[in-house]
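Below: final-v7.cif (mmCIF, C-alpha atoms)
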```cif
data_target
loop_
_atom_site.group_PDB
_atom_site.id
_atom_site.type_symbol
_atom_site.label_atom_id
_atom_site.label_comp_id
_atom_site.auth_asym_id
_atom_site.auth_seq_id
_atom_site.Cartn_x
_atom_site.Cartn_y
_atom_site.Cartn_z
ATOM 1 C CA MET A 1 -5.903 29.102 19.269
ATOM 2 C CA THR A 2 -9.445 29.843 18.112
ATOM 3 C CA ALA A 3 -12.262 28.784 20.424
ATOM 4 C CA GLY A 4 -15.147 26.848 18.898
ATOM 5 C CA ILE A 5 -13.289 25.539 15.825
ATOM 6 C CA ALA A 6 -12.005 21.965 15.808
ATOM 7 C CA ALA A 7 -10.323 20.067 12.989
ATOM 8 C CA SER A 8 -12.675 17.938 10.886
ATOM 9 C CA GLY A 9 -11.806 15.054 8.603
ATOM 10 C CA ALA A 10 -14.117 16.619 6.026
ATOM 11 C CA ARG A 11 -11.691 19.560 5.756
ATOM 12 C CA ALA A 12 -8.433 17.616 5.733
ATOM 13 C CA ALA A 13 -6.377 17.301 2.546
ATOM 14 C CA TYR A 14 -3.366 15.057 2.000
ATOM 15 C CA PHE A 15 -0.484 15.453 -0.431
ATOM 16 C CA TYR A 16 2.948 13.971 -1.116
ATOM 17 C CA ALA A 17 6.136 15.232 -2.731
ATOM 18 C CA LEU A 18 9.305 13.396 -3.690
ATOM 19 C CA GLU A 19 12.336 14.247 -1.568
ATOM 20 C CA ASN A 20 15.844 14.969 -2.775
ATOM 21 C CA ALA A 21 18.544 12.309 -2.450
ATOM 22 C CA ASP A 22 19.685 13.861 0.843
ATOM 23 C CA GLY A 23 16.194 13.629 2.329
ATOM 24 C CA THR A 24 15.299 17.308 1.951
ATOM 25 C CA LEU A 25 12.418 18.792 0.014
ATOM 26 C CA PRO A 26 12.958 21.086 -2.964
ATOM 27 C CA ALA A 27 12.651 24.785 -2.145
ATOM 28 C CA ASN A 28 9.326 24.859 -4.005
ATOM 29 C CA PRO A 29 7.864 21.361 -3.716
ATOM 30 C CA ALA A 30 5.474 19.982 -6.319
ATOM 31 C CA PHE A 31 2.772 18.364 -4.190
ATOM 32 C CA LYS A 32 0.426 15.729 -5.571
ATOM 33 C CA PRO A 33 -2.888 14.860 -3.886
ATOM 34 C CA ILE A 34 -3.665 11.542 -2.193
ATOM 35 C CA ARG A 35 -7.222 10.315 -2.701
ATOM 36 C CA LEU A 36 -7.743 8.374 0.491
ATOM 37 C CA THR A 37 -10.464 7.024 2.723
ATOM 38 C CA GLN A 38 -8.364 6.619 5.852
ATOM 39 C CA ASN A 39 -5.108 8.105 7.139
ATOM 40 C CA GLY A 40 -3.446 6.516 10.159
ATOM 41 C CA LEU A 41 -0.051 8.158 9.709
ATOM 42 C CA GLN A 42 1.298 9.613 12.937
ATOM 43 C CA GLU A 43 4.393 9.959 15.074
ATOM 44 C CA GLN A 44 5.000 7.673 18.031
ATOM 45 C CA ALA A 45 7.543 8.284 20.803
ATOM 46 C CA ASN A 46 8.948 6.038 23.500
ATOM 47 C CA ASP A 47 8.323 7.073 27.090
ATOM 48 C CA ILE A 48 11.519 7.096 29.150
ATOM 49 C CA GLN A 49 10.833 7.284 32.879
ATOM 50 C CA SER A 50 13.263 7.723 35.734
ATOM 51 C CA ASN A 51 13.772 4.726 38.018
ATOM 52 C CA GLU A 52 15.242 6.833 40.804
ATOM 53 C CA LEU A 53 13.970 5.669 44.189
ATOM 54 C CA VAL A 54 12.700 8.431 46.466
ATOM 55 C CA PRO A 55 11.129 7.988 49.895
ATOM 56 C CA ASP A 56 7.912 9.885 49.084
ATOM 57 C CA ARG A 57 7.217 7.586 46.053
ATOM 58 C CA HIS A 58 6.678 10.462 43.595
ATOM 59 C CA ARG A 59 8.293 10.241 40.178
ATOM 60 C CA ARG A 60 10.338 13.337 39.429
ATOM 61 C CA ALA A 61 10.998 13.102 35.672
ATOM 62 C CA ALA A 62 9.902 11.579 32.371
ATOM 63 C CA ARG A 63 11.398 12.177 28.930
ATOM 64 C CA ARG A 64 10.307 11.648 25.373
ATOM 65 C CA GLY A 65 12.381 8.931 23.745
ATOM 66 C CA ALA A 66 13.063 7.894 20.152
ATOM 67 C CA THR A 67 10.423 8.903 17.638
ATOM 68 C CA SER A 68 9.134 7.077 14.614
ATOM 69 C CA VAL A 69 6.475 7.701 11.993
ATOM 70 C CA SER A 70 4.187 4.944 10.804
ATOM 71 C CA GLY A 71 0.634 4.252 9.768
ATOM 72 C CA ASP A 72 -1.644 3.115 6.966
ATOM 73 C CA ILE A 73 -2.959 5.172 4.084
ATOM 74 C CA VAL A 74 -6.038 3.488 2.609
ATOM 75 C CA GLY A 75 -7.683 4.350 -0.690
ATOM 76 C CA GLU A 76 -10.104 3.024 -3.258
ATOM 77 C CA LEU A 77 -8.134 1.812 -6.275
ATOM 78 C CA SER A 78 -8.651 4.056 -9.289
ATOM 79 C CA PHE A 79 -6.659 4.344 -12.484
ATOM 80 C CA GLY A 80 -3.669 6.682 -12.425
ATOM 81 C CA THR A 81 -4.273 7.818 -8.850
ATOM 82 C CA PHE A 82 -1.598 5.954 -6.896
ATOM 83 C CA ASP A 83 0.977 5.155 -9.595
ATOM 84 C CA ASP A 84 3.826 7.017 -7.835
ATOM 85 C CA LEU A 85 3.116 5.340 -4.495
ATOM 86 C CA ILE A 86 2.784 1.925 -6.148
ATOM 87 C CA GLU A 87 6.137 2.541 -7.863
ATOM 88 C CA ALA A 88 7.704 3.413 -4.505
ATOM 89 C CA ALA A 89 6.262 0.266 -2.936
ATOM 90 C CA PHE A 90 7.593 -1.934 -5.733
ATOM 91 C CA CYS A 91 11.022 -0.228 -5.523
ATOM 92 C CA GLY A 92 10.944 -0.399 -9.303
ATOM 93 C CA THR A 93 10.399 1.928 -12.245
ATOM 94 C CA TRP A 94 7.451 2.084 -14.622
ATOM 95 C CA ALA A 95 8.642 1.105 -18.117
ATOM 96 C CA ASN A 96 6.204 0.846 -21.011
ATOM 97 C CA ASN A 97 3.378 0.808 -18.437
ATOM 98 C CA VAL A 98 4.841 -2.237 -16.678
ATOM 99 C CA LEU A 99 6.229 -2.187 -13.139
ATOM 100 C CA LYS A 100 8.252 -4.957 -11.483
ATOM 101 C CA THR A 101 9.763 -5.329 -8.023
ATOM 102 C CA GLY A 102 13.297 -4.012 -7.643
ATOM 103 C CA ALA A 103 15.740 -2.161 -5.389
ATOM 104 C CA VAL A 104 15.182 1.522 -6.259
ATOM 105 C CA ARG A 105 14.360 3.397 -3.061
ATOM 106 C CA ARG A 106 12.245 6.548 -3.116
ATOM 107 C CA GLY A 107 11.706 8.835 -0.159
ATOM 108 C CA PHE A 108 8.944 11.368 0.006
ATOM 109 C CA ALA A 109 7.214 13.748 2.368
ATOM 110 C CA ILE A 110 3.512 13.533 3.192
ATOM 111 C CA LEU A 111 1.689 16.776 3.925
ATOM 112 C CA LYS A 112 -1.511 16.868 5.984
ATOM 113 C CA ARG A 113 -3.453 20.120 5.685
ATOM 114 C CA ASN A 114 -6.184 20.821 8.235
ATOM 115 C CA LEU A 115 -7.782 23.586 6.227
ATOM 116 C CA ASP A 116 -10.432 24.512 8.804
ATOM 117 C CA ILE A 117 -7.841 25.425 11.447
ATOM 118 C CA ASN A 118 -5.011 26.403 9.029
ATOM 119 C CA VAL A 119 -2.545 23.862 10.396
ATOM 120 C CA ASP A 120 -0.055 22.073 8.120
ATOM 121 C CA THR A 121 1.864 19.000 9.301
ATOM 122 C CA ILE A 122 4.566 17.251 7.311
ATOM 123 C CA TYR A 123 5.950 13.725 7.679
ATOM 124 C CA ARG A 124 9.499 13.440 6.359
ATOM 125 C CA GLY A 125 11.609 10.528 5.193
ATOM 126 C CA CYS A 126 8.601 8.384 4.317
ATOM 127 C CA GLN A 127 8.867 5.093 2.457
ATOM 128 C CA ILE A 128 6.279 2.453 1.576
ATOM 129 C CA ASN A 129 6.862 -0.598 3.737
ATOM 130 C CA THR A 130 3.937 -2.713 2.532
ATOM 131 C CA LEU A 131 1.308 -2.462 -0.178
ATOM 132 C CA LYS A 132 -1.893 -4.492 -0.019
ATOM 133 C CA PHE A 133 -4.480 -5.006 -2.742
ATOM 134 C CA ALA A 134 -7.795 -6.176 -1.239
ATOM 135 C CA CYS A 135 -10.453 -7.646 -3.526
ATOM 136 C CA PRO A 136 -13.517 -8.499 -1.390
ATOM 137 C CA LEU A 137 -16.711 -10.032 -2.724
ATOM 138 C CA GLN A 138 -19.172 -7.551 -4.273
ATOM 139 C CA GLU A 139 -17.178 -4.528 -3.139
ATOM 140 C CA LYS A 140 -14.664 -1.849 -4.044
ATOM 141 C CA ILE A 141 -11.030 -2.841 -4.540
ATOM 142 C CA THR A 142 -8.856 -1.041 -2.004
ATOM 143 C CA VAL A 143 -5.145 -0.342 -1.669
ATOM 144 C CA THR A 144 -3.400 0.053 1.677
ATOM 145 C CA PHE A 145 0.029 1.686 1.854
ATOM 146 C CA SER A 146 1.778 1.026 5.161
ATOM 147 C CA VAL A 147 4.207 3.911 5.561
ATOM 148 C CA VAL A 148 7.277 4.263 7.756
ATOM 149 C CA GLY A 149 9.066 7.586 8.153
ATOM 150 C CA LYS A 150 11.551 9.567 10.197
ATOM 151 C CA SER A 151 9.822 12.601 11.680
ATOM 152 C CA GLU A 152 6.663 14.675 12.073
ATOM 153 C CA GLU A 153 6.942 18.468 11.976
ATOM 154 C CA SER A 154 4.869 21.619 11.750
ATOM 155 C CA TYR A 155 5.216 23.020 8.244
ATOM 156 C CA THR A 156 4.861 26.331 6.480
ATOM 157 C CA VAL A 157 4.033 25.832 2.816
ATOM 158 C CA PRO A 158 6.451 27.862 0.632
ATOM 159 C CA ALA A 159 4.885 30.535 -1.538
ATOM 160 C CA GLY A 160 6.279 28.793 -4.642
ATOM 161 C CA ALA A 161 4.909 25.325 -3.834
ATOM 162 C CA THR A 162 2.475 23.860 -6.344
ATOM 163 C CA PHE A 163 -0.480 21.554 -5.800
ATOM 164 C CA ALA A 164 -1.673 19.260 -8.592
ATOM 165 C CA GLN A 165 -5.331 18.443 -9.101
ATOM 166 C CA PRO A 166 -6.550 14.956 -8.108
ATOM 167 C CA THR A 167 -7.473 12.371 -10.699
ATOM 168 C CA THR A 168 -11.158 11.893 -11.476
ATOM 169 C CA THR A 169 -11.128 8.235 -12.500
ATOM 170 C CA ASP A 170 -13.754 5.963 -10.958
ATOM 171 C CA TYR A 171 -12.930 3.337 -8.357
ATOM 172 C CA MET A 172 -12.566 -0.303 -9.357
ATOM 173 C CA THR A 173 -14.777 -3.111 -8.055
ATOM 174 C CA THR A 174 -14.804 -6.894 -8.013
ATOM 175 C CA PHE A 175 -17.838 -6.955 -10.304
ATOM 176 C CA ASP A 176 -15.525 -6.309 -13.251
ATOM 177 C CA GLY A 177 -12.202 -7.799 -14.312
ATOM 178 C CA SER A 178 -10.970 -11.369 -14.045
ATOM 179 C CA LEU A 179 -8.882 -13.818 -12.045
ATOM 180 C CA ALA A 180 -6.895 -16.512 -13.850
ATOM 181 C CA ILE A 181 -4.802 -19.461 -12.682
ATOM 182 C CA ASP A 182 -2.308 -20.490 -15.373
ATOM 183 C CA THR A 183 -4.397 -18.565 -17.955
ATOM 184 C CA THR A 184 -7.624 -20.397 -16.978
ATOM 185 C CA ASP A 185 -10.320 -18.206 -15.431
ATOM 186 C CA LEU A 186 -11.187 -19.018 -11.828
ATOM 187 C CA ASN A 187 -14.844 -18.024 -11.593
ATOM 188 C CA SER A 188 -15.451 -19.480 -8.126
ATOM 189 C CA ALA A 189 -13.323 -17.015 -6.104
ATOM 190 C CA THR A 190 -14.926 -15.144 -3.194
ATOM 191 C CA ASP A 191 -12.015 -13.140 -1.768
ATOM 192 C CA LEU A 192 -8.443 -12.238 -2.695
ATOM 193 C CA ASN A 193 -5.701 -10.273 -0.946
ATOM 194 C CA ILE A 194 -2.167 -9.676 -2.250
ATOM 195 C CA THR A 195 0.519 -8.016 -0.086
ATOM 196 C CA LEU A 196 3.976 -6.780 -1.076
ATOM 197 C CA ALA A 197 6.296 -6.242 1.916
ATOM 198 C CA ASN A 198 9.697 -4.528 1.810
ATOM 199 C CA ASN A 199 10.595 -5.197 5.458
ATOM 200 C CA ILE A 200 11.684 -1.611 6.075
ATOM 201 C CA GLU A 201 12.716 -0.745 9.621
ATOM 202 C CA ALA A 202 13.937 2.440 11.291
ATOM 203 C CA LYS A 203 17.470 2.402 12.718
ATOM 204 C CA TYR A 204 18.745 4.805 15.364
ATOM 205 C CA SER A 205 22.043 6.373 16.419
ATOM 206 C CA LEU A 206 23.322 7.994 19.596
ATOM 207 C CA MET A 207 22.466 11.648 20.305
ATOM 208 C CA ASN A 208 19.596 11.711 17.809
ATOM 209 C CA ARG A 209 15.883 11.309 18.441
ATOM 210 C CA PRO A 210 14.641 10.752 14.849
ATOM 211 C CA ALA A 211 15.707 7.641 12.954
ATOM 212 C CA TYR A 212 19.227 7.668 11.518
ATOM 213 C CA ALA A 213 18.328 5.548 8.489
ATOM 214 C CA MET A 214 15.695 3.197 7.112
ATOM 215 C CA LYS A 215 16.885 -0.378 6.643
ATOM 216 C CA ILE A 216 15.262 -2.325 3.788
ATOM 217 C CA GLY A 217 14.998 -6.109 3.781
ATOM 218 C CA MET A 218 14.095 -8.924 1.430
ATOM 219 C CA ILE A 219 10.967 -8.782 -0.737
ATOM 220 C CA ASP A 220 7.977 -10.779 0.491
ATOM 221 C CA VAL A 221 4.896 -11.250 -1.685
ATOM 222 C CA THR A 222 2.124 -13.122 0.091
ATOM 223 C CA GLY A 223 -1.639 -13.325 0.004
ATOM 224 C CA ASP A 224 -4.724 -15.398 0.466
ATOM 225 C CA LEU A 225 -7.452 -16.686 -1.825
ATOM 226 C CA SER A 226 -10.930 -17.981 -0.971
ATOM 227 C CA ALA A 227 -13.086 -19.866 -3.461
ATOM 228 C CA TYR A 228 -16.046 -22.216 -3.635
ATOM 229 C CA ILE A 229 -15.036 -25.884 -3.776
ATOM 230 C CA GLU A 230 -15.703 -27.158 -7.287
ATOM 231 C CA ASP A 231 -12.963 -29.817 -7.389
ATOM 232 C CA ASP A 232 -9.602 -30.549 -5.773
ATOM 233 C CA SER A 233 -7.389 -28.900 -8.412
ATOM 234 C CA LEU A 234 -6.280 -26.018 -6.173
ATOM 235 C CA LYS A 235 -5.617 -28.342 -3.277
ATOM 236 C CA GLN A 236 -3.580 -30.638 -5.534
ATOM 237 C CA ARG A 237 -1.444 -27.652 -6.494
ATOM 238 C CA TYR A 238 -0.881 -27.035 -2.784
ATOM 239 C CA ARG A 239 -0.032 -30.672 -2.009
ATOM 240 C CA ASN A 240 2.440 -30.962 -4.895
ATOM 241 C CA GLU A 241 4.008 -27.477 -4.452
ATOM 242 C CA VAL A 242 3.195 -26.586 -8.039
ATOM 243 C CA ASP A 243 4.500 -23.274 -9.369
ATOM 244 C CA THR A 244 1.440 -21.427 -10.604
ATOM 245 C CA GLU A 245 0.886 -18.157 -12.416
ATOM 246 C CA MET A 246 -1.913 -15.975 -11.091
ATOM 247 C CA ALA A 247 -3.196 -12.936 -13.007
ATOM 248 C CA VAL A 248 -5.720 -10.483 -11.573
ATOM 249 C CA THR A 249 -7.297 -7.929 -13.891
ATOM 250 C CA MET A 250 -8.832 -5.003 -11.998
ATOM 251 C CA THR A 251 -10.901 -2.591 -14.073
ATOM 252 C CA ASP A 252 -13.173 0.386 -13.578
ATOM 253 C CA LYS A 253 -15.761 -0.759 -16.138
ATOM 254 C CA ALA A 254 -16.899 -4.065 -17.582
ATOM 255 C CA THR A 255 -16.192 -2.759 -21.091
ATOM 256 C CA SER A 256 -14.270 0.241 -22.353
ATOM 257 C CA GLY A 257 -12.511 0.679 -19.013
ATOM 258 C CA ASN A 258 -9.052 1.350 -17.613
ATOM 259 C CA SER A 259 -7.336 -1.638 -16.004
ATOM 260 C CA TYR A 260 -4.465 -2.808 -13.861
ATOM 261 C CA VAL A 261 -3.232 -6.368 -14.378
ATOM 262 C CA LEU A 262 -1.500 -7.785 -11.315
ATOM 263 C CA THR A 263 0.594 -10.884 -12.111
ATOM 264 C CA LEU A 264 2.256 -13.350 -9.739
ATOM 265 C CA PRO A 265 4.313 -15.358 -12.258
ATOM 266 C CA ARG A 266 5.487 -18.080 -9.872
ATOM 267 C CA GLN A 267 3.336 -18.409 -6.804
ATOM 268 C CA ARG A 268 2.723 -21.427 -4.617
ATOM 269 C CA PHE A 269 -0.138 -22.264 -2.300
ATOM 270 C CA THR A 270 1.396 -22.711 1.156
ATOM 271 C CA SER A 271 -1.734 -23.907 2.968
ATOM 272 C CA ALA A 272 -5.222 -25.079 2.062
ATOM 273 C CA GLN A 273 -8.236 -25.475 4.320
ATOM 274 C CA ASP A 274 -11.908 -26.201 3.729
ATOM 275 C CA SER A 275 -14.758 -24.769 5.765
ATOM 276 C CA PHE A 276 -18.500 -25.439 5.805
ATOM 277 C CA ASN A 277 -21.146 -23.394 7.564
ATOM 278 C CA GLY A 278 -24.214 -25.558 8.032
ATOM 279 C CA ASP A 279 -25.808 -26.364 4.692
ATOM 280 C CA ASP A 280 -24.124 -23.439 2.886
ATOM 281 C CA LEU A 281 -21.611 -23.881 0.076
ATOM 282 C CA GLY A 282 -18.138 -24.983 1.159
ATOM 283 C CA ILE A 283 -15.252 -22.523 0.921
ATOM 284 C CA GLN A 284 -11.579 -23.362 0.411
ATOM 285 C CA GLN A 285 -9.035 -20.919 1.826
ATOM 286 C CA LEU A 286 -5.497 -20.942 0.470
ATOM 287 C CA ASN A 287 -2.457 -18.946 1.506
ATOM 288 C CA ILE A 288 -0.117 -17.716 -1.209
ATOM 289 C CA ARG A 289 3.583 -16.961 -1.488
ATOM 290 C CA SER A 290 5.057 -15.657 -4.729
ATOM 291 C CA LEU A 291 8.685 -16.423 -5.576
ATOM 292 C CA TYR A 292 11.177 -14.846 -7.955
ATOM 293 C CA ASP A 293 10.633 -15.989 -11.524
ATOM 294 C CA THR A 294 13.717 -15.996 -13.739
ATOM 295 C CA THR A 295 11.733 -15.605 -16.953
ATOM 296 C CA SER A 296 9.768 -12.519 -15.952
ATOM 297 C CA THR A 297 12.539 -11.382 -13.525
ATOM 298 C CA THR A 298 10.119 -10.572 -10.717
ATOM 299 C CA GLU A 299 7.803 -12.117 -8.152
ATOM 300 C CA LEU A 300 5.108 -9.482 -8.700
ATOM 301 C CA GLN A 301 4.273 -7.334 -11.699
ATOM 302 C CA ILE A 302 1.603 -4.743 -12.391
ATOM 303 C CA LYS A 303 0.621 -3.479 -15.823
ATOM 304 C CA ARG A 304 -1.533 -0.433 -16.467
ATOM 305 C CA VAL A 305 -3.822 -0.481 -19.473
ATOM 306 C CA ALA A 306 -5.543 2.809 -20.321
ATOM 307 C CA TYR A 307 -8.738 2.656 -22.312
ATOM 308 C CA VAL A 308 -8.314 4.072 -25.807
ATOM 309 C CA PRO A 309 -11.605 4.985 -27.478
ATOM 310 C CA PRO A 310 -11.967 3.744 -31.040
ATOM 311 C CA ALA A 311 -11.297 6.188 -33.809
ATOM 312 C CA PRO A 312 -14.440 7.656 -35.367
ATOM 313 C CA PRO A 313 -15.400 6.150 -38.728
ATOM 314 C CA GLN A 314 -13.985 7.883 -41.730
ATOM 315 C CA GLY A 315 -16.442 9.644 -44.031
ATOM 316 C CA GLY A 316 -16.978 8.167 -47.479
#
```

Rendering of file as structure tokens:
Amino acid sequence: MTAGIAASGARAAYFYALENADGTLPANPAFKPIRLTQNGLQEQANDIQSNELVPDRHRRAARRGATSVSGDIVGELSFGTFDDLIEAAFCGTWANNVLKTGAVRRGFAILKRNLDINVDTIYRGCQINTLKFACPLQEKITVTFSVVGKSEESYTVPAGATFAQPTTTDYMTTFDGSLAIDTTDLNSATDLNITLANNIEAKYSLMNRPAYAMKIGMIDVTGDLSAYIEDDSLKQRYRNEVDTEMAVTMTDKATSGNSYVLTLPRQRFTSAQDSFNGDDLGIQQLNIRSLYDTTSTTELQIKRVAYVPPAPPQGG
């Protein structure tokens, strides 16, 4: 312990590496950086106290119970930065730059390096439980990965481990891109959130403190949309339970930019409410649930579109 030096968030670096099928790391892991704004990943433990009754009223023992790892990793959405984590959240596989929901499970380890105090901590058996895309008005688009894992440990980085460089792509904002309902642009939107949940839960066995396994559940794709009230078309879709396609294009530039296109091919509005604040414009708030679509074979799809600069003109 070194007096006068305390860990600072400005000197913390975060990385991840895919685990082997048996949950171990390769002997020389290939770590990739996580560009994040917030890390809430940590280990929690149950507190098991003795209920023995003693005449002097003093408790004699307390033990650490089952442990679990959970927390949110938050980042600003930028092209190519989170593709592996998005793939893990979708439980799918990128194919021709398109990713759909599926049942492929990927475990990985997350490494936290406190470089100012030379302490490395690793979180093993991590999976992405939920993924949220948040598109607030006049702001950056953010992604939140809610992680569940098995254990937290001190870690010594192997001499043969490698560390990739972070991407340098710019973050995406809600000034650029588009939002379409059944291919018609919705220009009155003021807020949008889309969440993919895998319903992963730790399961425990006798004589073991860390989780025995991670149970995965059914896919839930939900969200909410706020928009100015221009007519009753969205509310009519809610009242009549109309299957609706929603497509959100998120880009890092208005023109000549990289983009992600998030598509809910068969979503329904599950609630609709109007609100008015004095003499301000009215806002309609709708909750969303996306269902499996047999044509596109998914309830949520993301497509990555890299900007390709035009070829220079040929000389005459």

Kindly assemble as CSV a list of the stretch 162-232 of chain A residues that lie within 8 Å of stretch 236-251 of chain A, each paired with its nearest atom pair and their distance in Å to one decimal, using only C-alpha atoms, sorted first by chain and then by ascending residue number.
```
residue,atom,partner,partner_atom,distance
A:Met172,CA,A:Thr251,CA,5.5
A:Thr173,CA,A:Thr251,CA,7.2
A:Thr174,CA,A:Met250,CA,7.4
A:Asp176,CA,A:Thr251,CA,6.0
A:Gly177,CA,A:Thr249,CA,4.9
A:Ser178,CA,A:Thr249,CA,5.0
A:Leu179,CA,A:Val248,CA,4.6
A:Ala180,CA,A:Ala247,CA,5.2
A:Ile181,CA,A:Met246,CA,4.8
A:Asp182,CA,A:Glu245,CA,4.9
A:Thr183,CA,A:Ala247,CA,7.6
A:Asp232,CA,A:Gln236,CA,6.0
```

Identify the residues within 10 Å of coordinate (5.1, 27.4, -0.7) (same frame as the file), considering only C-alpha atoms, and give the answer as a PDB file with C-alpha atoms, keeping the file's coordinate frame.
```
ATOM      1  CA  ALA A  27      12.651  24.785  -2.145  1.00  0.00           C
ATOM      2  CA  ASN A  28       9.326  24.859  -4.005  1.00  0.00           C
ATOM      3  CA  PRO A  29       7.864  21.361  -3.716  1.00  0.00           C
ATOM      4  CA  ALA A  30       5.474  19.982  -6.319  1.00  0.00           C
ATOM      5  CA  PHE A  31       2.772  18.364  -4.190  1.00  0.00           C
ATOM      6  CA  TYR A 155       5.216  23.020   8.244  1.00  0.00           C
ATOM      7  CA  THR A 156       4.861  26.331   6.480  1.00  0.00           C
ATOM      8  CA  VAL A 157       4.033  25.832   2.816  1.00  0.00           C
ATOM      9  CA  PRO A 158       6.451  27.862   0.632  1.00  0.00           C
ATOM     10  CA  ALA A 159       4.885  30.535  -1.538  1.00  0.00           C
ATOM     11  CA  GLY A 160       6.279  28.793  -4.642  1.00  0.00           C
ATOM     12  CA  ALA A 161       4.909  25.325  -3.834  1.00  0.00           C
ATOM     13  CA  THR A 162       2.475  23.860  -6.344  1.00  0.00           C
ATOM     14  CA  PHE A 163      -0.480  21.554  -5.800  1.00  0.00           C
TER      15      PHE A 163
END
```

Return as JSON the centre and edge lengths, in Å with one decimal, of the box along x, y and z that encloses every atom of stretch 91-104 of chain A in the file, padded by 6 Å per side.
```
{"center_x": 9.6, "center_y": -1.6, "center_z": -13.2, "size_x": 24.4, "size_y": 19.4, "size_z": 27.6}
```

Using only C-alpha atoms, I'd like a table of the residues in stretch 25-61 of chain A that come within 12 Å of stretch 110-121 of chain A; for each, show the closest atom pair and its distance in Å rounded to one decimal, ordered by chain and ascending number, as a tab-separated table.
```
residue	atom	partner	partner_atom	distance
A:Leu25	CA	A:Ile110	CA	10.8
A:Pro29	CA	A:Leu111	CA	10.8
A:Ala30	CA	A:Leu111	CA	11.4
A:Phe31	CA	A:Leu111	CA	8.3
A:Lys32	CA	A:Ile110	CA	9.5
A:Pro33	CA	A:Leu111	CA	9.3
A:Ile34	CA	A:Ile110	CA	9.2
A:Leu36	CA	A:Lys112	CA	11.9
A:Asn39	CA	A:Lys112	CA	9.5
A:Gly40	CA	A:Lys112	CA	11.3
A:Leu41	CA	A:Ile110	CA	9.2
A:Gln42	CA	A:Thr121	CA	10.1
A:Glu43	CA	A:Thr121	CA	11.0
```

Note to self: Can you tell me which residues surround stretch 80-84 of chain A at a distance of at most 12 Å, considering all atoms listed in the file, apart from same-chain residues fewer than 6 positions away, and format the answer as a count of residues only?
What the structure shows: 50

Check: What is the distance, in Å and to one decimal place, between atom CA of A:Pro313 and atom CA of A:Gly257?
Finding: 20.7 Å

Next item on the list: In Å, rounded to a single decimal, give me how far atom CA of A:Arg124 is from atom CA of A:Arg64.
Entry: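 Spanning atom CA of A:Arg64 to atom CA of A:Arg124 is a straight-line distance of 19.1 Å.
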
Can you turn the PyMOL selection byres ((chain A and resi 192) around 9) into a concrete residue list for this file, as a PDB file with C-alpha atoms, in the coordinates of the input?
```pdb
ATOM      1  CA  PHE A 133      -4.480  -5.006  -2.742  1.00  0.00           C
ATOM      2  CA  ALA A 134      -7.795  -6.176  -1.239  1.00  0.00           C
ATOM      3  CA  CYS A 135     -10.453  -7.646  -3.526  1.00  0.00           C
ATOM      4  CA  PRO A 136     -13.517  -8.499  -1.390  1.00  0.00           C
ATOM      5  CA  LEU A 137     -16.711 -10.032  -2.724  1.00  0.00           C
ATOM      6  CA  ALA A 189     -13.323 -17.015  -6.104  1.00  0.00           C
ATOM      7  CA  THR A 190     -14.926 -15.144  -3.194  1.00  0.00           C
ATOM      8  CA  ASP A 191     -12.015 -13.140  -1.768  1.00  0.00           C
ATOM      9  CA  ASN A 193      -5.701 -10.273  -0.946  1.00  0.00           C
ATOM     10  CA  ILE A 194      -2.167  -9.676  -2.250  1.00  0.00           C
ATOM     11  CA  GLY A 223      -1.639 -13.325   0.004  1.00  0.00           C
ATOM     12  CA  ASP A 224      -4.724 -15.398   0.466  1.00  0.00           C
ATOM     13  CA  LEU A 225      -7.452 -16.686  -1.825  1.00  0.00           C
ATOM     14  CA  SER A 226     -10.930 -17.981  -0.971  1.00  0.00           C
ATOM     15  CA  ALA A 227     -13.086 -19.866  -3.461  1.00  0.00           C
TER      16      ALA A 227
END
```

Note to self: I'd like the contact shell of stretch 206-210 of chain A - 8 Å cut-off, all atoms listed in the file, skipping same-chain residues fewer than 5 positions apart - returned as a ChimeraX atom specification.
What the structure shows: /A:65-68,150-151

Next item on the list: Mind giving me the straight-line distance from atom CA of A:Asn129 to atom CA of A:Thr37 in Å, one decimal?
Entry: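 Atom CA of A:Asn129 sits 19.0 Å away from atom CA of A:Thr37.
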
Margin query: Taking 5 positions as the minimum chain separation for residues in the same chain, which residues sit within 12 Å of A:Asp231 when counting only C-alpha atoms? Answer as a list in words.
Written below: Leu186, Ser188, Gln236, Arg237, Asp274, Gly282, Ile283 and Gln284 of chain A

Non-local contacts of A:Met214 (7 Å; all atoms listed in the file; under 4 positions in same chain excluded) as an mmCIF file with C-alpha atoms, in the frame of the given file:
```
data_model
loop_
_atom_site.group_PDB
_atom_site.id
_atom_site.type_symbol
_atom_site.label_atom_id
_atom_site.label_comp_id
_atom_site.auth_asym_id
_atom_site.auth_seq_id
_atom_site.Cartn_x
_atom_site.Cartn_y
_atom_site.Cartn_z
ATOM 1 C CA ILE A 200 11.684 -1.611 6.075
ATOM 2 C CA GLU A 201 12.716 -0.745 9.621
ATOM 3 C CA ALA A 202 13.937 2.440 11.291
ATOM 4 C CA LYS A 203 17.470 2.402 12.718
#
```

With the file shown as input, list the residues that the PyMOL selection byres ((chain A and resi 50) around 10) selects, as an mmCIF file with C-alpha atoms, in the coordinates of the input.
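Dumped to expr.cif:
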```cif
data_model
loop_
_atom_site.group_PDB
_atom_site.id
_atom_site.type_symbol
_atom_site.label_atom_id
_atom_site.label_comp_id
_atom_site.auth_asym_id
_atom_site.auth_seq_id
_atom_site.Cartn_x
_atom_site.Cartn_y
_atom_site.Cartn_z
ATOM 1 C CA ASP A 47 8.323 7.073 27.090
ATOM 2 C CA ILE A 48 11.519 7.096 29.150
ATOM 3 C CA GLN A 49 10.833 7.284 32.879
ATOM 4 C CA ASN A 51 13.772 4.726 38.018
ATOM 5 C CA GLU A 52 15.242 6.833 40.804
ATOM 6 C CA LEU A 53 13.970 5.669 44.189
ATOM 7 C CA ARG A 59 8.293 10.241 40.178
ATOM 8 C CA ARG A 60 10.338 13.337 39.429
ATOM 9 C CA ALA A 61 10.998 13.102 35.672
ATOM 10 C CA ALA A 62 9.902 11.579 32.371
ATOM 11 C CA ARG A 63 11.398 12.177 28.930
#
```
